[in-house]
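**Student:** Before we start, here is the structure in question, set down as structure tokens.
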Amino acid sequence: MAGIELKDWKEQIRDPKIECMSRDEMTALQSERLISQVKNVYDNVAFYRKKMDDLGVLPGDIKGIEDIYKLPFTTKEDLRDNYPFGLLAVPQDKIVRVQGTSGTTGKLTLASYTQKDVEVWGECVARALTMAGLDASDRIHICYGYGLFTGGLGLDFGARALGAMAIPMSSGNTKRQLMCMEDFGATAFACTPSYAMYLAEAAQEAGVIDRLQIKASINGAEPWTDEMRKKIESILHINTFDIYGLCEITGPGVAMDCIHHKGLHVYEDYFYPEVLNPADQTPCKDGETGELVFTTLAKEGMPLLRYRTKDLTSIEHAACECGRTLPRIQKFTGRTDDMKVIRGVNVFPTQVETALFSMGGGVAPHYMLIVDRENNLDVLTVMVEVDEKYFSDEIRKLDELKNRVGAVLKQALGVSVRVKLVEPKTIQRSEGKAKRVIDNREM
Ligand code: DLL
């Protein structure tokens, strides 16, 4: 059994007053914050004043959180159009930090933070770290990149708020990462799930697992499956936790899953979540999948109303076994723009991951989807790493495995795929977000 068994788990809650608040109290808090936030953006952000005027909505029309549907949406394009500082609600000299998306092409999506915004951010990440069973005695090895991307600094702010030791490794040089983890006695680490998988395999290969004191890892910034979670846990004998966030809203620490792994708790006292039908933006019921939309309730620097994340999930408001009343969003299948339509069928990379894990051996969870168009038809090729032995054994075994992978993927995706089996470590490992899809149709 990996990590700490559930029965031995001591649930820690950093701020029970908020995290276990009754729904009525939370609604009252959210309403109060929304009313003042709407007045703030109407008075201080020309973009929102115009949007609200166009809709004929005045701040006085917002009497509580139930009126949120009256407010305008904000999109990534709006952020780009107002790049870099057009959406600030405070003078630029009150901004103490900017962070951006991890994208490498085109203009960045930039977010600006006041001193208080940074403190709130650190507090939210500290709540998340507490949810992962960590406290001031822990040593957190952070291998998210430090820079404009929010991963490294976000976890660092959280470690500081918790009073834990931050080990600011940033990404790269896996051998050195493992050496420092061991030498500094790290008790937790944080990075993307794909890099956690890579680190786990590297630690296994180097035979250092028994010398590490890691008990938990905090992984997010990209979609990953429950199967991947269990695989990392079983290799390293730790508990892993899924952390979610986006720079526009705050960075990591918008939501985090607890030891029960039944969805990620949203810090809804600061970030009000809506799950909306992507076709007409009407609210989804609990359990129905839609687009996640956030309103920042207390952000000073760059508050956003109804920001469309393009992330697909469902929400659940029933209290969790951990005692928290914060609603839970389901683990993400992906973003609307990660989804590929192959001959009319919607395909997410995470479906491939689940299918590969269901095969129970032979194939590794390192894969890539390549989409082409041949003779006006979409062709999906899935490249998968397989055990070395298939390349040394007779070719017949490799062919058999290829047919098996093809059948499993066809069943899971509902569309036939070409399978390309490759040797271990062929697919490029990423220290940032894993690139799972190449769509040559977009070239
Ligand atoms: O990825 C913030 C972050 C850093 C989260 C470290 C967790 C850990 P951005 O670069 O702005 O911010 O990218 C945000 O990444 O809209 C999702 O599509 C995706 N994403 C983030 N966390 C998760 C997760 C950071 N746990 C975009 N599961 C979001 C699935 C995630 N997707």
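Ordering of the structure tokens sets the chain letters (A, B, ...), residue numbers begin anew at 1 in every chain, and ligands are numbered from 1 in the order given.
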Can I get the residues of chain A within 7 Å of ligand 1, each with the closest pair of atoms and their distance in Å to one decimal, using only C-alpha atoms and all ligand atoms, sorted chain first then ascending number, as CSV?
**Tutor:**
residue,atom,partner,partner_atom_place_in_ligand_line,distance
A:Gly100,CA,ligand 1,11 (O),6.6
A:Thr101,CA,ligand 1,10 (O),4.2
A:Ser102,CA,ligand 1,10 (O),4.6
A:Tyr144,CA,ligand 1,6 (C),6.9
A:Phe149,CA,ligand 1,10 (O),5.8
A:Thr150,CA,ligand 1,4 (C),5.4
A:Gly151,CA,ligand 1,4 (C),3.7
A:Thr192,CA,ligand 1,8 (C),6.8
A:Asn219,CA,ligand 1,8 (C),6.1
A:Gly220,CA,ligand 1,26 (N),3.7
A:Ala221,CA,ligand 1,22 (N),3.3
A:Glu222,CA,ligand 1,32 (N),3.8
A:Pro223,CA,ligand 1,30 (C),3.4
A:Trp224,CA,ligand 1,28 (N),6.4
A:Asp242,CA,ligand 1,26 (N),5.2
A:Ile243,CA,ligand 1,26 (N),4.5
A:Tyr244,CA,ligand 1,22 (N),3.6
A:Gly245,CA,ligand 1,5 (C),4.1
A:Leu246,CA,ligand 1,12 (O),3.5
A:Cys247,CA,ligand 1,11 (O),3.9
A:Glu248,CA,ligand 1,11 (O),6.3
A:Gly251,CA,ligand 1,2 (C),4.4
A:Pro252,CA,ligand 1,5 (C),3.9
A:Thr309,CA,ligand 1,16 (O),5.5
A:Lys310,CA,ligand 1,16 (O),6.8
A:Asp311,CA,ligand 1,18 (O),5.4
A:Lys331,CA,ligand 1,28 (N),6.5
A:Phe332,CA,ligand 1,30 (C),5.0
A:Gly334,CA,ligand 1,30 (C),6.3
A:Arg335,CA,ligand 1,18 (O),5.4
**Student:** Next, dump the selected residues to file, keeping only N, CA, C and O atoms, as a compact mmCIF listing (two decimals), in the first residue's frame.
**Tutor:**
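Saved to selection.txt:
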# COMPACT_ATOMS: atom_id res chain seq x y z
N GLY A 100 2.64 35.18 -15.42
CA GLY A 100 1.99 34.95 -16.71
C GLY A 100 1.74 33.49 -16.99
O GLY A 100 2.12 32.62 -16.21
N THR A 101 1.10 33.25 -18.12
CA THR A 101 0.87 31.85 -18.51
C THR A 101 2.17 31.24 -18.96
O THR A 101 3.12 31.95 -19.30
N SER A 102 2.16 29.93 -19.01
CA SER A 102 3.37 29.22 -19.37
C SER A 102 3.53 29.10 -20.88
O SER A 102 4.49 28.52 -21.35
N TYR A 144 8.70 22.92 -9.67
CA TYR A 144 8.03 23.74 -10.69
C TYR A 144 8.98 24.86 -11.04
O TYR A 144 9.76 25.31 -10.19
N PHE A 149 5.80 31.82 -14.92
CA PHE A 149 4.87 30.73 -14.61
C PHE A 149 4.63 30.72 -13.09
O PHE A 149 5.58 30.87 -12.31
N THR A 150 3.37 30.50 -12.70
CA THR A 150 3.02 30.64 -11.28
C THR A 150 3.38 29.45 -10.40
O THR A 150 3.27 29.52 -9.18
N GLY A 151 3.81 28.32 -11.03
CA GLY A 151 4.02 27.09 -10.25
C GLY A 151 5.06 27.22 -9.14
O GLY A 151 4.78 26.98 -7.97
N THR A 192 4.77 19.05 -12.01
CA THR A 192 3.67 18.53 -12.84
C THR A 192 3.57 17.01 -12.63
O THR A 192 4.59 16.36 -12.35
N ASN A 219 0.80 17.82 -7.13
CA ASN A 219 0.98 17.84 -8.58
C ASN A 219 -0.22 18.46 -9.29
O ASN A 219 -1.35 18.16 -8.95
N GLY A 220 0.06 19.28 -10.24
CA GLY A 220 -1.02 19.90 -11.01
C GLY A 220 -0.43 20.70 -12.14
O GLY A 220 0.76 20.54 -12.47
N ALA A 221 -1.22 21.55 -12.73
CA ALA A 221 -0.87 22.40 -13.87
C ALA A 221 -1.19 21.72 -15.20
O ALA A 221 -1.11 22.35 -16.25
N GLU A 222 -1.55 20.44 -15.18
CA GLU A 222 -1.95 19.73 -16.40
C GLU A 222 -2.88 18.58 -15.99
O GLU A 222 -2.82 18.11 -14.84
N PRO A 223 -3.73 18.11 -16.90
CA PRO A 223 -4.64 17.01 -16.55
C PRO A 223 -3.87 15.71 -16.33
O PRO A 223 -2.87 15.46 -16.99
N TRP A 224 -4.32 14.92 -15.39
CA TRP A 224 -3.74 13.59 -15.17
C TRP A 224 -4.84 12.69 -14.61
O TRP A 224 -5.80 13.17 -14.02
N ASP A 242 -3.73 16.46 -6.06
CA ASP A 242 -3.94 17.24 -7.29
C ASP A 242 -4.24 18.69 -6.93
O ASP A 242 -5.20 18.98 -6.23
N ILE A 243 -3.41 19.59 -7.41
CA ILE A 243 -3.62 21.02 -7.14
C ILE A 243 -3.95 21.72 -8.46
O ILE A 243 -3.36 21.42 -9.49
N TYR A 244 -4.93 22.62 -8.40
CA TYR A 244 -5.39 23.30 -9.61
C TYR A 244 -5.30 24.82 -9.45
O TYR A 244 -5.44 25.34 -8.34
N GLY A 245 -5.08 25.47 -10.54
CA GLY A 245 -5.11 26.93 -10.52
C GLY A 245 -4.77 27.47 -11.88
O GLY A 245 -4.39 26.72 -12.79
N LEU A 246 -4.92 28.76 -12.05
CA LEU A 246 -4.54 29.42 -13.30
C LEU A 246 -4.12 30.84 -12.96
O LEU A 246 -4.63 31.42 -12.01
N CYS A 247 -3.15 31.34 -13.73
CA CYS A 247 -2.54 32.60 -13.34
C CYS A 247 -3.55 33.73 -13.32
O CYS A 247 -3.48 34.63 -12.49
N GLU A 248 -4.54 33.70 -14.21
CA GLU A 248 -5.52 34.78 -14.28
C GLU A 248 -6.28 34.93 -12.95
O GLU A 248 -6.70 36.02 -12.57
N GLY A 251 -3.09 31.51 -9.69
CA GLY A 251 -1.99 30.55 -9.76
C GLY A 251 -2.41 29.30 -9.02
O GLY A 251 -3.61 29.12 -8.73
N PRO A 252 -1.48 28.39 -8.68
CA PRO A 252 -1.89 27.19 -7.94
C PRO A 252 -2.56 27.60 -6.63
O PRO A 252 -2.22 28.64 -6.07
N THR A 309 -12.64 29.78 -18.08
CA THR A 309 -11.34 29.10 -18.02
C THR A 309 -11.11 28.16 -19.20
O THR A 309 -9.98 27.75 -19.44
N LYS A 310 -12.20 27.71 -19.87
CA LYS A 310 -12.13 26.68 -20.91
C LYS A 310 -11.83 25.30 -20.34
O LYS A 310 -11.63 24.33 -21.06
N ASP A 311 -11.73 25.19 -19.00
CA ASP A 311 -11.51 23.88 -18.37
C ASP A 311 -12.86 23.20 -18.15
O ASP A 311 -13.82 23.83 -17.72
N LYS A 331 -11.84 15.94 -11.01
CA LYS A 331 -10.56 15.93 -11.70
C LYS A 331 -10.82 16.29 -13.17
O LYS A 331 -11.82 15.87 -13.74
N PHE A 332 -9.91 17.03 -13.77
CA PHE A 332 -10.19 17.55 -15.11
C PHE A 332 -9.94 16.53 -16.19
O PHE A 332 -8.92 15.84 -16.16
N GLY A 334 -9.82 17.72 -19.23
CA GLY A 334 -9.00 18.53 -20.13
C GLY A 334 -9.64 19.86 -20.35
O GLY A 334 -10.62 20.22 -19.71
N ARG A 335 -9.07 20.61 -21.27
CA ARG A 335 -9.62 21.91 -21.61
C ARG A 335 -10.42 21.75 -22.89
O ARG A 335 -10.18 20.81 -23.65
**Student:** May I have the residues within 10 Å of A:Lys215 as a list in words, using only C-alpha atoms and disregarding those fewer than 4 positions away in the same chain?
**Tutor:**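 Near A:Lys215, the qualifying residues are Ala2, Gly3, Ile4, Ala132, Gly133, Leu134, Asp138, Ala186, Thr187, Ala188, Phe189, Glu233, Leu236, His237, Ile238, Asn239 and Thr240 of chain A.
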**Student:** Could the residues in this selection be saved with N, CA, C and O atoms as a CSV table (one decimal), in the first residue's frame?
**Tutor:**
chain,number,residue,atom,x,y,z
A,2,ALA,N,0.6,2.1,-0.9
A,2,ALA,CA,1.4,3.3,-1.0
A,2,ALA,C,1.0,4.4,0.0
A,2,ALA,O,-0.1,4.5,0.4
A,3,GLY,N,2.0,5.1,0.5
A,3,GLY,CA,1.7,6.2,1.4
A,3,GLY,C,1.0,5.8,2.7
A,3,GLY,O,1.2,4.7,3.2
A,4,ILE,N,0.3,6.8,3.2
A,4,ILE,CA,-0.3,6.6,4.5
A,4,ILE,C,-1.7,6.0,4.3
A,4,ILE,O,-2.5,6.5,3.5
A,132,ALA,N,-2.7,18.4,2.3
A,132,ALA,CA,-1.8,17.2,1.9
A,132,ALA,C,-1.1,16.7,3.1
A,132,ALA,O,-0.1,15.9,3.0
A,133,GLY,N,-1.5,17.1,4.3
A,133,GLY,CA,-0.9,16.6,5.5
A,133,GLY,C,0.4,17.2,6.0
A,133,GLY,O,1.1,16.7,6.8
A,134,LEU,N,0.7,18.4,5.4
A,134,LEU,CA,2.0,19.0,5.7
A,134,LEU,C,1.8,20.1,6.7
A,134,LEU,O,0.7,20.7,6.9
A,138,ASP,N,7.7,20.5,7.8
A,138,ASP,CA,8.0,19.8,6.5
A,138,ASP,C,9.0,20.6,5.7
A,138,ASP,O,9.2,21.8,5.9
A,186,ALA,N,14.0,16.2,2.1
A,186,ALA,CA,12.7,16.7,1.7
A,186,ALA,C,11.6,15.7,2.1
A,186,ALA,O,11.8,14.5,2.0
A,187,THR,N,10.5,16.3,2.6
A,187,THR,CA,9.4,15.4,3.0
A,187,THR,C,8.2,15.5,2.0
A,187,THR,O,7.3,14.7,2.1
A,188,ALA,N,8.3,16.4,1.0
A,188,ALA,CA,7.3,16.5,0.0
A,188,ALA,C,7.9,17.2,-1.2
A,188,ALA,O,8.9,17.8,-1.1
A,189,PHE,N,7.3,16.9,-2.4
A,189,PHE,CA,7.8,17.6,-3.6
A,189,PHE,C,6.6,18.1,-4.4
A,189,PHE,O,5.5,17.5,-4.3
A,233,GLU,N,2.2,6.9,-6.8
A,233,GLU,CA,2.1,6.5,-5.3
A,233,GLU,C,2.7,5.2,-5.1
A,233,GLU,O,3.5,5.0,-4.1
A,236,LEU,N,6.7,5.4,-5.4
A,236,LEU,CA,7.4,6.1,-4.4
A,236,LEU,C,7.0,5.9,-3.0
A,236,LEU,O,7.6,6.4,-2.0
A,237,HIS,N,5.8,5.1,-2.8
A,237,HIS,CA,5.2,4.9,-1.5
A,237,HIS,C,4.9,6.2,-0.8
A,237,HIS,O,5.3,6.5,0.3
A,238,ILE,N,4.1,7.0,-1.5
A,238,ILE,CA,3.7,8.3,-1.0
A,238,ILE,C,2.3,8.6,-1.3
A,238,ILE,O,1.6,7.7,-2.0
A,239,ASN,N,1.7,9.7,-0.8
A,239,ASN,CA,0.4,10.1,-1.2
A,239,ASN,C,0.6,11.3,-2.1
A,239,ASN,O,1.4,12.2,-1.9
A,240,THR,N,-0.2,11.3,-3.2
A,240,THR,CA,-0.1,12.4,-4.1
A,240,THR,C,-1.4,13.2,-4.1
A,240,THR,O,-2.5,12.6,-3.9
**Student:** Would you kindly return, as a ChimeraX atom specification, each protein, DNA or RNA residue with an atom no farther than 12 Å from any atom of A:Val118, considering only C-alpha atoms and excluding same-chain residues fewer than 6 positions away?
**Tutor:** /A:94-99,111-112,124-125,150,153-158,160-161,247,249-253,298-302
**Student:** If you run DSSP on the backbone, which residues of stretch 51-236 of chain A are helix (DSSP H, G or I), as an MDAnalysis selection string?
**Tutor:** chainID A and resid 51:55 59:61 65:70 76:81 92:94 115:131 150:162 174:183 193:206 209:211 226:236
**Student:** With only C-alpha atoms as the counted atoms, please give the residues lying no more than 8 Å from A:Val266, apart from itself and same-chain residues fewer than 4 positions off, as a PyMOL selection string.
**Tutor:** chain A and resi 254-256+271+273+326-329
**Student:** At a cut-off of 7 Å, using only C-alpha atoms, what residues contact A:Met368? Leave out same-chain residues fewer than 4 positions from it and give the result as a list of chain:residue names.
**Tutor:**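 The residues satisfying every condition are A:Val382, A:Met383, A:Val384, A:Arg436, A:Val437.
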**Student:** Can you tell me, as a tab-separated table (two decimals) with N, CA, C and O atoms, in the first residue's frame, what residues are no more than 6 Å from A:Asp257 when counting only C-alpha atoms, ignoring any on the same chain fewer than 5 positions away?
**Tutor:**
chain	number	residue	atom	x	y	z
A	241	PHE	N	-1.30	14.48	-4.41
A	241	PHE	CA	-2.48	15.36	-4.36
A	241	PHE	C	-2.52	16.23	-5.61
A	241	PHE	O	-1.48	16.67	-6.09
A	242	ASP	N	-3.73	16.46	-6.06
A	242	ASP	CA	-3.94	17.24	-7.29
A	242	ASP	C	-4.24	18.69	-6.93
A	242	ASP	O	-5.20	18.98	-6.23
A	263	GLY	N	-12.59	14.66	-5.70
A	263	GLY	CA	-12.76	15.99	-6.28
A	263	GLY	C	-11.89	17.00	-5.57
A	263	GLY	O	-11.40	16.76	-4.47
A	264	LEU	N	-11.70	18.15	-6.23
A	264	LEU	CA	-10.80	19.17	-5.68
A	264	LEU	C	-11.63	20.26	-4.99
A	264	LEU	O	-12.51	20.85	-5.61
A	265	HIS	N	-11.32	20.52	-3.72
A	265	HIS	CA	-12.05	21.54	-2.97
A	265	HIS	C	-11.67	22.94	-3.48
A	265	HIS	O	-10.49	23.27	-3.55
**Student:** I'd like to know which of A:Leu29, A:Val345, A:Val275, A:Ala203 is closest to A:Phe294, using only C-alpha atoms.
**Tutor:**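 For A:Phe294, the nearest of the candidates is A:Val275.
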**Student:** Write out as an mmCIF file with N, CA and C atoms, in the first residue's frame each polymer residue whose atoms come within 7 Å of A:Gly406, counting only C-alpha atoms; drop sequence neighbours fewer than 4 positions from it.
**Tutor:**
data_model
loop_
_atom_site.group_PDB
_atom_site.id
_atom_site.type_symbol
_atom_site.label_atom_id
_atom_site.label_comp_id
_atom_site.auth_asym_id
_atom_site.auth_seq_id
_atom_site.Cartn_x
_atom_site.Cartn_y
_atom_site.Cartn_z
ATOM 1 N N LYS A 402 0.908 -4.461 -30.352
ATOM 2 C CA LYS A 402 0.408 -3.328 -31.143
ATOM 3 C C LYS A 402 -1.087 -3.531 -31.447
ATOM 4 N N LYS A 410 -9.316 1.714 -29.497
ATOM 5 C CA LYS A 410 -10.533 1.857 -30.317
ATOM 6 C C LYS A 410 -11.770 1.756 -29.429
ATOM 7 N N VAL A 417 -7.484 3.930 -34.367
ATOM 8 C CA VAL A 417 -6.249 4.715 -34.323
ATOM 9 C C VAL A 417 -5.094 3.901 -34.901
ATOM 10 N N ARG A 418 -4.089 4.597 -35.376
ATOM 11 C CA ARG A 418 -2.845 3.914 -35.747
ATOM 12 C C ARG A 418 -1.971 3.895 -34.504
ATOM 13 N N VAL A 419 -1.346 2.769 -34.239
ATOM 14 C CA VAL A 419 -0.522 2.671 -33.031
ATOM 15 C C VAL A 419 0.944 2.605 -33.444
#
**Student:** Considering only C-alpha atoms, can you say which of A:Asn40, A:Ser234, A:Gln213, A:Thr313 comes closest to A:Ala200?
**Tutor:**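 Using only C-alpha atoms, the shortest distance to A:Ala200 belongs to A:Ser234.
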**Student:** Which is closest to A:Met165 among A:Gly185, A:Pro283, A:Gly414, A:Pro349, if we use only C-alpha atoms?
**Tutor:**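 Using only C-alpha atoms, the shortest distance to A:Met165 belongs to A:Gly185.
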**Student:** Could you check which of A:Val352, A:Ile142, A:Met52, A:Met131 is closest to A:Thr225, using only C-alpha atoms?
**Tutor:** A:Val352
**Student:** What does the distance from atom CA of A:Glu316 to atom CA of A:Gly287 come to in Å, to one decimal?
**Tutor:**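 Separating atom CA of A:Glu316 from atom CA of A:Gly287 is a distance of 6.1 Å.
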**Student:** Taking the DSSP secondary structure from the backbone, can you list the residues of stretch 318-406 of chain A that are strand (DSSP E), as a PyMOL selection string?
**Tutor:** chain A and resi 328-329+334-335+340-342+345-347+363-374+377-386
**Student:** Between atom CA of A:Glu19 and atom CA of A:Ala126, what is the distance in Å, rounded to a tenth?
**Tutor:**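 Result for atom CA of A:Glu19 versus atom CA of A:Ala126: 12.7 Å, one decimal.
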